[in-house]
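Trainee: What follows is a single structure, and I will ask about it in a moment.
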Amino acid sequence: MATILLIAVAVFVLRSTRLPNLLSTNQNTTVLAAEAPTQAAPRPTAVATLPPFVAAKVSRAISRSITLHTDVPDRPRTKVIKYTVQRGDTIFGIAEKFGLKPETILWANYDVLADDPHRLTPGQKLNILPVDGTYYQWHKGDNLTVVAKFFGVKPEDIINYPANNLPPDTDRQHPNIKPGTWLIIPGGHRSFVNWSAPVITRKNPAVAKILGPGFCGEIYEGPVGTGTFIWPTTLHYLSGYDYSPAINHYGIDIAGKLGYPVYAVDSGVVVYAGWNNWGYGNVVVIDHGNGWQSLYAHLSRILVKCGQGVAQGDMIGAIGSTGRSTGPHLHFELMNTKYGRVNPWDFLPGK
């Protein structure tokens with residue numbers, strides 16, 4: 001009886017809950033799923049066919065060449081080198097070749113050129129300094145302070161220059177430098193030794209005695225110039241060195257062929273006529289009586305004599321190549337008692 005009662009209670013509980021509805025819903029869902037159309041299985045997409053790969057051509061590419069050595073930048077030269085003078089060389093040309101000032105070439109080679117650019121001849125061996133300056137041979141008893149002052153530099157400039165190989169603590173007064181040692185004086189300078197003719201006046205022509213046998217020893221009177229000048233030659237252009245105090249050349253080398261006439265640039269009196277021992281060859285000097293003198297060098301012929309009066313335009317000689325000369329030309333100078341040796345271009349008439 002009790003069992004029947006428990007079953008009745010269970011049935012009552014089930015009917016009174018939502019379980020029958022849930023079961024009914026699941027059943028309907030199952031039916032609907034069964035009735036839904038079945039989708040077709042997905043098919044794989046066909047693989048696209050691509051054209052073969054072709055690398056692009058590069059028309060402008062930077063190629064890298066193989067270098068089997070390493071380029072080392074040039075270092076500044078510190079040693080003196082030798083140069084053999086070639087035909088056609090000039091002081092200016094040699095200086096430009098080595099990046100130096102022309103006066104440095106002369107200062108480094110006094111024993112060869114004696115401060116005279118006209119002494120330059122093919123075959124000579126020249127010292128070429130690494131820097132502008134002078135070259136000095138040490139003598140016994142020299143004082144470094146005095147030597148430096150003479151060349152216009154400081155002792156330290158000489159001591160510190162690498163090629164001189166001097167220790168930093170070198171004694172300025174009593175340096176331990178072996179006599180005969182050559183020292184580079186960077187930035188050094190000095191006055192040139194003057195081999196040109198001094199100012200020769202008609203009142204004291206004997207002053208030129210040191211120049212050679214062409215000097216005139218007496219006092220002369222004669223024509224006085226106008227102070228204006230004409231050209232001494234028929235050609236009016238250079239054939240050699242120009243006026244350049246930087247290389248101790250205080251005249252101009254005027255072109256001309258052997259035997260061409262040479263004229264007096266102004267009236268005056270001949271105060272030197274003959275050979276010059278210092279490289280000028282046959283020379284004529286005219287004193288114009290107004291503070292001016294004119295010099296004509298390397299003549300092949302001299303047509304005047306000491307004390308002779310000449311007028312402007314008179315033929316006094318002929319172009320030549322006597323003395324230290326590389327070819328026919330006229331070395332011409334103008335000198336003034338007040339202004340010294342002036343640039344002839346400033347006083348000769350235009351071309």
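Each chain of the structure tokens is named A, B, ... in the order shown, its residues numbered from 1; ligands are numbered from 1 in display order.
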Neighbours of Asp314 of chain A within 10 Å (only C-alpha atoms; same-chain residues fewer than 6 positions away dropped), as an mmCIF file with N, CA and C atoms, in the first residue's frame?

Mentor:
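Wrote it out as selection06.cif, contents follow:
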data_model
loop_
_atom_site.group_PDB
_atom_site.id
_atom_site.type_symbol
_atom_site.label_atom_id
_atom_site.label_comp_id
_atom_site.auth_asym_id
_atom_site.auth_seq_id
_atom_site.Cartn_x
_atom_site.Cartn_y
_atom_site.Cartn_z
ATOM 1 N N PRO A 232 114.940 100.877 -75.532
ATOM 2 C CA PRO A 232 116.336 100.700 -75.952
ATOM 3 C C PRO A 232 116.496 99.712 -77.103
ATOM 4 N N PRO A 261 120.186 96.437 -82.936
ATOM 5 C CA PRO A 261 120.723 97.659 -82.319
ATOM 6 C C PRO A 261 120.187 97.899 -80.915
ATOM 7 N N VAL A 262 121.013 98.548 -80.090
ATOM 8 C CA VAL A 262 120.642 98.981 -78.747
ATOM 9 C C VAL A 262 120.816 100.491 -78.695
ATOM 10 N N TYR A 263 119.795 101.194 -78.215
ATOM 11 C CA TYR A 263 119.779 102.646 -78.241
ATOM 12 C C TYR A 263 119.829 103.228 -76.826
ATOM 13 N N ALA A 264 120.380 104.430 -76.706
ATOM 14 C CA ALA A 264 120.345 105.160 -75.435
ATOM 15 C C ALA A 264 118.917 105.618 -75.172
ATOM 16 N N VAL A 265 118.408 105.316 -73.989
ATOM 17 C CA VAL A 265 117.012 105.652 -73.692
ATOM 18 C C VAL A 265 116.829 107.132 -73.410
ATOM 19 N N ASP A 266 117.913 107.815 -73.084
ATOM 20 C CA ASP A 266 117.869 109.258 -72.871
ATOM 21 C C ASP A 266 119.287 109.792 -73.042
ATOM 22 N N SER A 267 119.419 111.094 -73.168
ATOM 23 C CA SER A 267 120.734 111.709 -73.345
ATOM 24 C C SER A 267 121.544 111.609 -72.062
ATOM 25 N N LEU A 303 129.646 100.273 -78.837
ATOM 26 C CA LEU A 303 129.960 101.289 -79.839
ATOM 27 C C LEU A 303 130.270 102.652 -79.236
ATOM 28 N N VAL A 304 130.408 102.727 -77.900
ATOM 29 C CA VAL A 304 130.734 103.989 -77.239
ATOM 30 C C VAL A 304 131.906 103.736 -76.294
#

Trainee: Name the residues in contact with Ala311 of chain A at a cut-off of 12 Å, using only C-alpha atoms, excluding same-chain residues fewer than 2 positions from it; report them as a PyMOL selection string.

Mentor: chain A and resi 222-226+229-230+263-270+286-288+304+308-309+313-316

Trainee: Which residue gives the smallest distance to Thr181 of chain A among A:Asp132, A:Asp115, A:Asp142, A:Glu103, with only C-alpha atoms counted?

Mentor: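 Among the listed residues, the smallest separation from Thr181 of chain A belongs to A:Asp142.
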
Trainee: Which residue is closest to Tyr241 of chain A? Choose from A:Thr78, A:Thr104, A:Asn160, A:Thr90 and count only C-alpha atoms.

Mentor: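 Smallest distance to Tyr241 of chain A is found for A:Thr90.
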
Trainee: From a backbone DSSP assignment, name each residue in segment 87-121 of chain A labelled helix (DSSP H, G or I), as a compact mmCIF listing (two decimals) with C-alpha atoms, in the first residue's frame.

Mentor:
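Wrote selection-v7.txt, looks like this:
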# COMPACT_ATOMS: atom_id res chain seq x y z
CA ILE A 91 113.80 80.05 -60.98
CA PHE A 92 110.08 80.75 -61.18
CA GLY A 93 109.33 77.48 -62.95
CA ILE A 94 111.31 75.36 -60.48
CA ALA A 95 109.69 77.12 -57.54
CA GLU A 96 106.21 76.51 -58.95
CA LYS A 97 107.02 72.84 -59.60
CA PRO A 102 111.27 81.67 -56.01
CA GLU A 103 113.45 83.34 -53.40
CA THR A 104 113.56 80.04 -51.47
CA ILE A 105 115.28 78.42 -54.46
CA LEU A 106 117.98 81.10 -54.41
CA TRP A 107 118.42 81.08 -50.63
CA TYR A 110 123.81 80.24 -52.67
CA ASP A 111 126.89 78.09 -53.32
CA VAL A 112 125.56 77.36 -56.83
CA LEU A 113 123.58 80.45 -57.83
CA PRO A 117 119.03 83.90 -61.29
CA HIS A 118 121.12 84.26 -64.44
CA ARG A 119 123.56 81.67 -63.10

Trainee: Nearest residue to Pro213 of chain A out of A:Gly327, A:Pro122, A:Gly188, A:Gly274, using only C-alpha atoms?

Mentor: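 Nearest candidate to Pro213 of chain A out of A:Gly327, A:Pro122, A:Gly188, A:Gly274: A:Gly274.
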
Trainee: Could you pull the residues within 9 Å of segment 332-336 of chain A, counting only C-alpha atoms, minus those fewer than 3 positions along the same chain, as a PyMOL selection string?

Mentor: chain A and resi 198-199+232+243+250-254+290-297+339-344+347

Trainee: Store the residues picked out above in a file with C-alpha atoms, as a PDB file, in the first residue's frame.

Mentor:
ATOM      1  CA  PRO A 198     125.777 100.393 -58.151  1.00  0.00           C
ATOM      2  CA  VAL A 199     124.550 103.831 -59.058  1.00  0.00           C
ATOM      3  CA  PRO A 232     116.336 100.700 -75.952  1.00  0.00           C
ATOM      4  CA  TYR A 243     111.668  92.755 -63.034  1.00  0.00           C
ATOM      5  CA  TYR A 250     116.178  94.344 -60.892  1.00  0.00           C
ATOM      6  CA  GLY A 251     115.917  94.661 -64.638  1.00  0.00           C
ATOM      7  CA  ILE A 252     113.983  93.264 -67.589  1.00  0.00           C
ATOM      8  CA  ASP A 253     115.303  90.886 -70.244  1.00  0.00           C
ATOM      9  CA  ILE A 254     114.128  92.328 -73.554  1.00  0.00           C
ATOM     10  CA  ASN A 290     119.422 114.259 -63.498  1.00  0.00           C
ATOM     11  CA  GLY A 291     119.576 111.470 -60.945  1.00  0.00           C
ATOM     12  CA  TRP A 292     118.937 108.707 -63.512  1.00  0.00           C
ATOM     13  CA  GLN A 293     121.257 106.025 -64.883  1.00  0.00           C
ATOM     14  CA  SER A 294     120.515 103.270 -67.422  1.00  0.00           C
ATOM     15  CA  LEU A 295     122.334  99.944 -67.825  1.00  0.00           C
ATOM     16  CA  TYR A 296     122.580  97.734 -70.938  1.00  0.00           C
ATOM     17  CA  ALA A 297     124.071  94.235 -70.512  1.00  0.00           C
ATOM     18  CA  TYR A 339     114.592 105.602 -55.534  1.00  0.00           C
ATOM     19  CA  GLY A 340     117.218 102.974 -56.362  1.00  0.00           C
ATOM     20  CA  ARG A 341     116.612 100.364 -59.049  1.00  0.00           C
ATOM     21  CA  VAL A 342     113.090 100.880 -60.295  1.00  0.00           C
ATOM     22  CA  ASN A 343     110.843  98.779 -62.511  1.00  0.00           C
ATOM     23  CA  PRO A 344     111.563  99.832 -66.117  1.00  0.00           C
ATOM     24  CA  PHE A 347     108.944 104.422 -67.110  1.00  0.00           C
TER      25      PHE A 347
END

Trainee: Using only C-alpha atoms, which of the listed residues (A:Pro186, A:Gly180, A:Tyr83, A:Lys140) sits closest to Glu156 of chain A?

Mentor: A:Pro186

Trainee: Just the residues within 9 Å of Asn127 of chain A, please, counting only C-alpha atoms, with nothing from its chain fewer than 5 positions along; format it as a ChimeraX atom specification.

Mentor: /A:80-83,105,108-109,135

Trainee: Smallest atom-to-atom distance to Thr322 of chain A: which of A:Tyr280, A:Phe215, A:Tyr161, A:Phe192, using only C-alpha atoms?

Mentor: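 When distances to Thr322 of chain A are compared using only C-alpha atoms, the smallest one comes from A:Tyr280.
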
Trainee: Looking at only C-alpha atoms, which of A:Asn248, A:Thr201, A:Thr121, A:Gln312 is the one that sits closest to Trp231 of chain A?

Mentor: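 That would be A:Gln312, the residue with the smallest distance to Trp231 of chain A.
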
Trainee: As number ranges by chain, please: all residues of segment 83-157 of chain A that backbone DSSP puts in strand (DSSP E or B).

Mentor: A: 83-84, 125-128, 133-137

Trainee: Please, could you write that set of residues out with C-alpha atoms as an mmCIF file, in the first residue's frame?

Mentor:
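Result saved to selection_3.cif:
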data_model
loop_
_atom_site.group_PDB
_atom_site.id
_atom_site.type_symbol
_atom_site.label_atom_id
_atom_site.label_comp_id
_atom_site.auth_asym_id
_atom_site.auth_seq_id
_atom_site.Cartn_x
_atom_site.Cartn_y
_atom_site.Cartn_z
ATOM 1 C CA TYR A 83 116.792 68.585 -58.442
ATOM 2 C CA THR A 84 118.787 68.610 -61.682
ATOM 3 C CA LYS A 125 122.125 70.122 -58.783
ATOM 4 C CA LEU A 126 119.851 72.271 -56.621
ATOM 5 C CA ASN A 127 118.672 71.834 -53.051
ATOM 6 C CA ILE A 128 114.875 71.840 -52.855
ATOM 7 C CA GLY A 133 112.710 79.526 -45.867
ATOM 8 C CA THR A 134 116.490 79.431 -45.930
ATOM 9 C CA TYR A 135 119.203 76.791 -45.667
ATOM 10 C CA TYR A 136 122.121 77.398 -43.329
ATOM 11 C CA GLN A 137 125.371 75.513 -42.764
#
